[in-house]
Structures are given as structure tokens and as C-alpha cells.
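J.: Starting off with a structure, shown below.
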Amino acid sequence: MPESINYARRRFLGSATAALGAARLGVIGSAVQQMACAALTERDEGTLPSLTGATQWLNSPPLTPAGLRGKVVLVDFWTYTCINWLRTLPYVRAWDAKYREQGLVVIGAHTPEFPFEKDIDNVRWAAKEMDVNYPIAVDSDYGVWRAFDNNYWPAVYVADVNGRIRFHHFGEGAYGDIEKVIQRLLSEGGRKIDSELVKVTPRGLEVAADYGTLKSPESYLGYEKAEAFASDALQDAPRAYTVPRLSLNQWGLAGNWTVKGGASALNAANGKLVYRFHARDVNLIMGVPPGAQPVRFTVKVDGKPPGVAHGTDVDDQGNGTATRQRTYQLVRLQTRITDREFEIQFAEPGVEVFCFTFG
């Protein structure tokens, strides 16, 4: 990520009722995601910026503002590990499916947060796995991001048939408002549109957070942005760690790990990562580097297999396998939400862990 983009923490925009979680400059959500990083406006905000900063395109030849005249254009900034964006995806897919033939063009601008998200094979995998079938501007050098002067994942910009940006929204939520703008701009362009709003059935990582019980923030696992690590990290060198007693939202390591700037990497078998959390969902951005062997892992909650509380990437005994670098859904609690201890143990070395997110 360019040096000109800093990692300042959350900015709060708008009111609590309008605001939902967004990730700003590499920061995924917060303990108060329902109030963070969101804005909703409708006005003329100038012309649709150039898309020439894209390093390549998927699902489409390169698109230009001039070539898009006569279409309503929705530009959606995403990065495939972002939990906030993943929760918006069912709606973006549904808008593309419903309104494409009516004159809507959805463009997903994939601007990476983590280095592995610049790997075009990973982006291709994510697009296929997540059914992102609309045009993708691969924005690995942040050219499109800068052209829009954007600061958030997810961020939606909607332009009318004359190429004027009429609306933007940062963060989760406001899906009905966004769709009504799409309908209105299509109608202004001469299309006959029914006013019924799309209905979606989110699954897995796409399910909205339970903000009423969410008390754990995202937590990065490399020393550049880590918070609440319960031990002293030896930077960029192997070290044997033990997990001390954890307070809420603290995390620790057990076994031989190397804490790097953007991740922690396991050097020996049977290493553990432990987090004291308060949330319905536990997600972990992790994986093995390209070409490395998969790593088996086991998840426990309060020292026991998760059972019916297992996420989509583990079974009821907590067993799973870390392969591609992505977001893994590990826990979805079905009972009363309270302070609990999450533990993941890796049977083999080689895994890298980047960031916890919660829901």
C-alpha cells in the first residue's frame, strides 16, 4: 500500500442510525462498527473519475467513463478479505442481477489491503468463489482509489446516465436507500423500473453482525498495527511464546512464532493462537503462502469443541484446514453471548495469521 495512505484509526461520520461498519485505510470495522465510517448523500458530486488506474480487468474489457455514458454506473470498492464488504455483497450481486438489463453497470474496484490480495490468482479465485460476475477493475496500485479520493471499504458511488456522480455511501447498511437511488437514476434515463426492492439470503460470512452484542474490535496480528497482544513481541525473529491470562480483547500466542510487521507466522507444529472475545462470530484472516502445504487446525471455545457453534470453515469438532490466504469463519455462537476464550491450534508449521474480525 502506498506511503501516502496512512493507517489512522477510525473516523466517525454521520449519525448512529445512518452509520454502519466500514474499513478505513486498512482498518476493518471497530467495536462500535454500527457507528463507524459511514456516510449517505445524494447530490451532484462531479464527473465519474477515470478508471485507467486499474492494472487489469476481470469479467470485462477495460471500461471508461465515456464508454459508460447512457448507463447508470455503480462503483463498489472492495477487497476480498474485508468482512464489512462481504456483508454487503449479497445486495450488490442482487442489484447487478436485477438491473443489468435495465441499464445498470456494476464495477467492483478491487483495491487490496494485504499484500496477498494483490495476487491476481487470489482475486480470480475470490471472484469465482463469491459469484462476483460483474466487471472488476483490479486496482492493485490504488490508481482508481486515488482517482475517487476514496478512503473506505466498502464504498459505493453511483453515477447517472450523464456520467455525474449523484450518490455515495460508505460502509454497511442503507441498502434500500442505495437501491432507490439506482431505480430513480434508471427512471431518469428513460427506463421503466418496478419499485420492489431485492430480497437476499446472506450465508456464512455474508450475514450481518449482531451489533447489539458485539464488544470485540478487529485485531491485527502483526506488530505494525497490533493492539492488545498480551506478550512482548520479538520483531521479525523466531521466539517461543506462552499465553498468559487474558483480559477481554487481549490475544496471545503459544509455541514458536515469528511476529512480522503484518502477520504472525508459525515456525513449529502445534502452535496456538488465543483470543478473549465477546461476539457472536469469530473470523480469522489467515492461510499459507502460495505453494506451501495446507495446515490442519482445531478450534475450541472455552476449551471445548464448538459443536453447533462451529463456523462454515470447521466441523462440529472444530477441525479445519488452512489453505489459501482468505477470511475463515470459525465460530458462530448459538447461545447467550458473553466473554469467551477462542483457541486455534495448528498441527503443522507454515500458517500465517493476519487479523481477527468479529460479528
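Identifiers in this document derive from the order of the C-alpha cells: chains are assigned A, B, ..., residues are numbered from 1 separately in each chain, and ligands are numbered from 1 in order of occurrence.
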As a ChimeraX atom specification, please: the residues near segment 176-186 of chain A (cut-off 7 Å, only C-alpha atoms, same-chain neighbours under 3 positions excluded).
T.: /A:72,103,160,189-191,193,197
J.: If you keep C-alpha atoms, can you produce a file of those selected residues as an mmCIF file, in the first residue's frame?
T.:
```cif
data_model
loop_
_atom_site.group_PDB
_atom_site.id
_atom_site.type_symbol
_atom_site.label_atom_id
_atom_site.label_comp_id
_atom_site.auth_asym_id
_atom_site.auth_seq_id
_atom_site.Cartn_x
_atom_site.Cartn_y
_atom_site.Cartn_z
ATOM 1 C CA VAL A 72 -26.211 4.163 -14.584
ATOM 2 C CA GLY A 103 -29.050 -0.184 -17.892
ATOM 3 C CA ASP A 160 -26.220 8.849 -13.664
ATOM 4 C CA GLY A 189 -32.622 7.753 -18.025
ATOM 5 C CA GLY A 190 -35.908 6.613 -19.522
ATOM 6 C CA ARG A 191 -36.147 3.095 -18.130
ATOM 7 C CA ILE A 193 -38.438 0.216 -13.333
ATOM 8 C CA LEU A 197 -36.593 -3.897 -3.608
#
```
J.: Would you return as a ChimeraX atom specification the members of segment 68-177 of chain A that DSSP assigns to alpha helix (DSSP H) on this structure's backbone?
T.: /A:83-99,120-129,143-147,175-177
J.: Lys272 of chain A: which residues within 10 Å, counting only C-alpha atoms, same-chain residues fewer than 4 positions away excluded, as a PyMOL selection string?
T.: chain A and resi 241-243+252-257+266+297-299+343-347
J.: Could you dump the residues just selected with C-alpha atoms as a PDB file, in the first residue's frame?
T.:
```pdb
ATOM      1  CA  TYR A 241       5.681 -17.817  23.384  1.00  0.00           C
ATOM      2  CA  THR A 242       3.282 -18.855  26.118  1.00  0.00           C
ATOM      3  CA  VAL A 243      -0.217 -17.496  26.585  1.00  0.00           C
ATOM      4  CA  GLY A 252      -1.683 -14.395  22.851  1.00  0.00           C
ATOM      5  CA  LEU A 253       0.487 -16.994  21.141  1.00  0.00           C
ATOM      6  CA  ALA A 254       1.776 -20.382  22.285  1.00  0.00           C
ATOM      7  CA  GLY A 255       4.642 -22.169  20.575  1.00  0.00           C
ATOM      8  CA  ASN A 256       7.364 -20.923  18.264  1.00  0.00           C
ATOM      9  CA  TRP A 257       6.209 -17.962  16.164  1.00  0.00           C
ATOM     10  CA  LEU A 266       4.100 -20.312  12.924  1.00  0.00           C
ATOM     11  CA  PHE A 297      -6.125 -26.791  12.671  1.00  0.00           C
ATOM     12  CA  THR A 298      -8.544 -27.325  15.548  1.00  0.00           C
ATOM     13  CA  VAL A 299     -10.765 -24.644  17.103  1.00  0.00           C
ATOM     14  CA  GLU A 343      -8.319 -21.045  20.723  1.00  0.00           C
ATOM     15  CA  ILE A 344      -6.976 -22.303  17.425  1.00  0.00           C
ATOM     16  CA  GLN A 345      -4.165 -24.889  17.343  1.00  0.00           C
ATOM     17  CA  PHE A 346      -2.258 -25.664  14.144  1.00  0.00           C
ATOM     18  CA  ALA A 347      -0.991 -29.195  13.589  1.00  0.00           C
TER      19      ALA A 347
END
```
J.: Name the residues in contact with segment 209-223 of chain A at a cut-off of 7 Å, using only C-alpha atoms, excluding same-chain residues fewer than 2 positions from it; report them as a ChimeraX atom specification.
T.: /A:28-31,34,207,225-227,249,259-264,277-280,337,353-359
J.: Could you go through segment 45-96 of chain A and tell me which residues DSSP, when run on the backbone, assigns to strand (DSSP E), listing them as a PyMOL selection string?
T.: chain A and resi 56-58+72-78
J.: Work out how far atom CA of Trp95 of chain A is from atom CA of His169 of chain A, in Å to one decimal.
T.: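 If I compute the distance from atom CA of His169 of chain A to atom CA of Trp95 of chain A, I get 15.2 Å.
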J.: Quick one: residues within 10 Å of segment 61-66 of chain A, only C-alpha atoms counted, chain neighbours fewer than 4 positions away excluded, as a PyMOL selection string?
T.: chain A and resi 47-52+54-57+70-71+73+107+135-137+159+162-164
J.: Go ahead and save the picked residues with N, CA and C atoms, as an mmCIF file, in the first residue's frame.
T.:
```
data_model
loop_
_atom_site.group_PDB
_atom_site.id
_atom_site.type_symbol
_atom_site.label_atom_id
_atom_site.label_comp_id
_atom_site.auth_asym_id
_atom_site.auth_seq_id
_atom_site.Cartn_x
_atom_site.Cartn_y
_atom_site.Cartn_z
ATOM 1 N N THR A 47 -17.975 14.629 -12.134
ATOM 2 C CA THR A 47 -17.975 13.571 -13.139
ATOM 3 C C THR A 47 -17.358 12.289 -12.608
ATOM 4 N N LEU A 48 -17.758 11.178 -13.224
ATOM 5 C CA LEU A 48 -17.183 9.876 -12.888
ATOM 6 C C LEU A 48 -15.688 9.895 -13.208
ATOM 7 N N PRO A 49 -14.819 9.642 -12.221
ATOM 8 C CA PRO A 49 -13.377 9.705 -12.476
ATOM 9 C C PRO A 49 -12.888 8.638 -13.452
ATOM 10 N N SER A 50 -11.674 8.836 -13.925
ATOM 11 C CA SER A 50 -11.044 7.877 -14.832
ATOM 12 C C SER A 50 -10.839 6.537 -14.141
ATOM 13 N N LEU A 51 -10.941 5.480 -14.931
ATOM 14 C CA LEU A 51 -10.685 4.123 -14.447
ATOM 15 C C LEU A 51 -9.374 3.571 -14.991
ATOM 16 N N THR A 52 -8.560 4.447 -15.586
ATOM 17 C CA THR A 52 -7.313 3.988 -16.210
ATOM 18 C C THR A 52 -6.280 3.523 -15.199
ATOM 19 N N ALA A 54 -6.666 1.199 -13.154
ATOM 20 C CA ALA A 54 -6.766 -0.254 -12.973
ATOM 21 C C ALA A 54 -5.595 -0.950 -13.657
ATOM 22 N N THR A 55 -4.994 -1.906 -12.970
ATOM 23 C CA THR A 55 -3.861 -2.635 -13.542
ATOM 24 C C THR A 55 -4.317 -3.695 -14.531
ATOM 25 N N GLN A 56 -5.547 -4.189 -14.400
ATOM 26 C CA GLN A 56 -6.166 -5.061 -15.374
ATOM 27 C C GLN A 56 -7.638 -5.193 -15.044
ATOM 28 N N TRP A 57 -8.374 -5.874 -15.915
ATOM 29 C CA TRP A 57 -9.808 -6.057 -15.726
ATOM 30 C C TRP A 57 -10.149 -7.537 -15.758
ATOM 31 N N GLY A 70 -24.813 6.982 -20.845
ATOM 32 C CA GLY A 70 -26.080 6.324 -21.138
ATOM 33 C C GLY A 70 -26.412 5.200 -20.173
ATOM 34 N N LYS A 71 -25.465 4.831 -19.329
ATOM 35 C CA LYS A 71 -25.672 3.806 -18.310
ATOM 36 C C LYS A 71 -25.652 4.443 -16.925
ATOM 37 N N VAL A 73 -24.091 3.848 -13.414
ATOM 38 C CA VAL A 73 -22.879 3.121 -13.037
ATOM 39 C C VAL A 73 -22.752 3.107 -11.514
ATOM 40 N N ILE A 107 -19.440 -2.009 -11.252
ATOM 41 C CA ILE A 107 -17.998 -2.211 -11.370
ATOM 42 C C ILE A 107 -17.439 -2.416 -9.973
ATOM 43 N N PRO A 135 -18.134 -6.631 -13.929
ATOM 44 C CA PRO A 135 -16.762 -6.199 -14.238
ATOM 45 C C PRO A 135 -15.963 -5.838 -12.981
ATOM 46 N N ILE A 136 -14.701 -6.257 -12.978
ATOM 47 C CA ILE A 136 -13.794 -5.973 -11.860
ATOM 48 C C ILE A 136 -12.608 -5.170 -12.378
ATOM 49 N N ALA A 137 -12.426 -3.971 -11.813
ATOM 50 C CA ALA A 137 -11.230 -3.177 -12.064
ATOM 51 C C ALA A 137 -10.204 -3.559 -11.006
ATOM 52 N N ALA A 159 -23.273 6.836 -10.417
ATOM 53 C CA ALA A 159 -23.293 7.903 -11.418
ATOM 54 C C ALA A 159 -24.512 7.744 -12.321
ATOM 55 N N ASN A 162 -25.532 10.565 -17.457
ATOM 56 C CA ASN A 162 -24.683 11.631 -17.997
ATOM 57 C C ASN A 162 -23.273 11.608 -17.410
ATOM 58 N N GLY A 163 -22.976 10.566 -16.624
ATOM 59 C CA GLY A 163 -21.641 10.435 -16.064
ATOM 60 C C GLY A 163 -21.385 11.315 -14.868
ATOM 61 N N ARG A 164 -22.450 11.786 -14.191
ATOM 62 C CA ARG A 164 -22.308 12.609 -12.986
ATOM 63 C C ARG A 164 -22.540 11.735 -11.754
#
```
J.: Give the answer as one residue: which of A:Asn133, A:Gly287, A:Thr81, A:Thr88 has the shortest atom-to-atom distance to Glu113 of chain A, using only C-alpha atoms?
T.: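 Nearest to Glu113 of chain A: A:Thr81.
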J.: If we count only C-alpha atoms, what is near segment 311-326 of chain A at a cut-off of 8 Å, once residues fewer than 5 positions away on the same chain are taken out, given as a PDB file with C-alpha atoms, in the first residue's frame?
T.:
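Dumped to out-v2.pdb:
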```
ATOM      1  CA  TYR A  80     -11.886  -9.817  -0.747  1.00  0.00           C
ATOM      2  CA  THR A  81     -10.978 -10.369   2.917  1.00  0.00           C
ATOM      3  CA  PHE A 116      -1.556 -11.291  -0.881  1.00  0.00           C
ATOM      4  CA  GLY A 204     -21.738 -17.580   6.225  1.00  0.00           C
ATOM      5  CA  ILE A 285      -7.790 -13.815   8.055  1.00  0.00           C
ATOM      6  CA  MET A 286      -5.094 -16.453   7.606  1.00  0.00           C
ATOM      7  CA  GLY A 287      -3.624 -19.006   5.235  1.00  0.00           C
ATOM      8  CA  VAL A 288      -0.432 -20.471   3.858  1.00  0.00           C
ATOM      9  CA  PRO A 289       1.797 -18.764   1.270  1.00  0.00           C
ATOM     10  CA  PRO A 290       1.420 -19.814  -2.377  1.00  0.00           C
ATOM     11  CA  GLN A 293       1.303 -27.301   2.070  1.00  0.00           C
ATOM     12  CA  PRO A 294      -2.110 -26.943   3.752  1.00  0.00           C
ATOM     13  CA  VAL A 295      -2.113 -26.740   7.539  1.00  0.00           C
ATOM     14  CA  ARG A 296      -4.659 -28.566   9.663  1.00  0.00           C
ATOM     15  CA  PHE A 297      -6.125 -26.791  12.671  1.00  0.00           C
ATOM     16  CA  THR A 298      -8.544 -27.325  15.548  1.00  0.00           C
ATOM     17  CA  VAL A 299     -10.765 -24.644  17.103  1.00  0.00           C
ATOM     18  CA  LYS A 300     -12.030 -24.635  20.677  1.00  0.00           C
ATOM     19  CA  PRO A 305     -15.123 -28.211  20.580  1.00  0.00           C
ATOM     20  CA  PRO A 306     -17.583 -25.657  19.186  1.00  0.00           C
ATOM     21  CA  VAL A 331     -17.278 -19.585  15.276  1.00  0.00           C
ATOM     22  CA  ARG A 332     -20.944 -18.557  15.209  1.00  0.00           C
ATOM     23  CA  VAL A 351       0.494 -20.834   8.546  1.00  0.00           C
TER      24      VAL A 351
END
```
J.: Hey, can you check how far atom CA of Ala230 of chain A sits from atom CA of Pro244 of chain A?
T.: 6.8 Å
J.: With distances taken over only C-alpha atoms, which residue among A:Thr327, A:Thr258, A:Arg276, A:Trp125 lies nearest Gly350 of chain A?
T.: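 The closest residue to Gly350 of chain A is A:Thr258.
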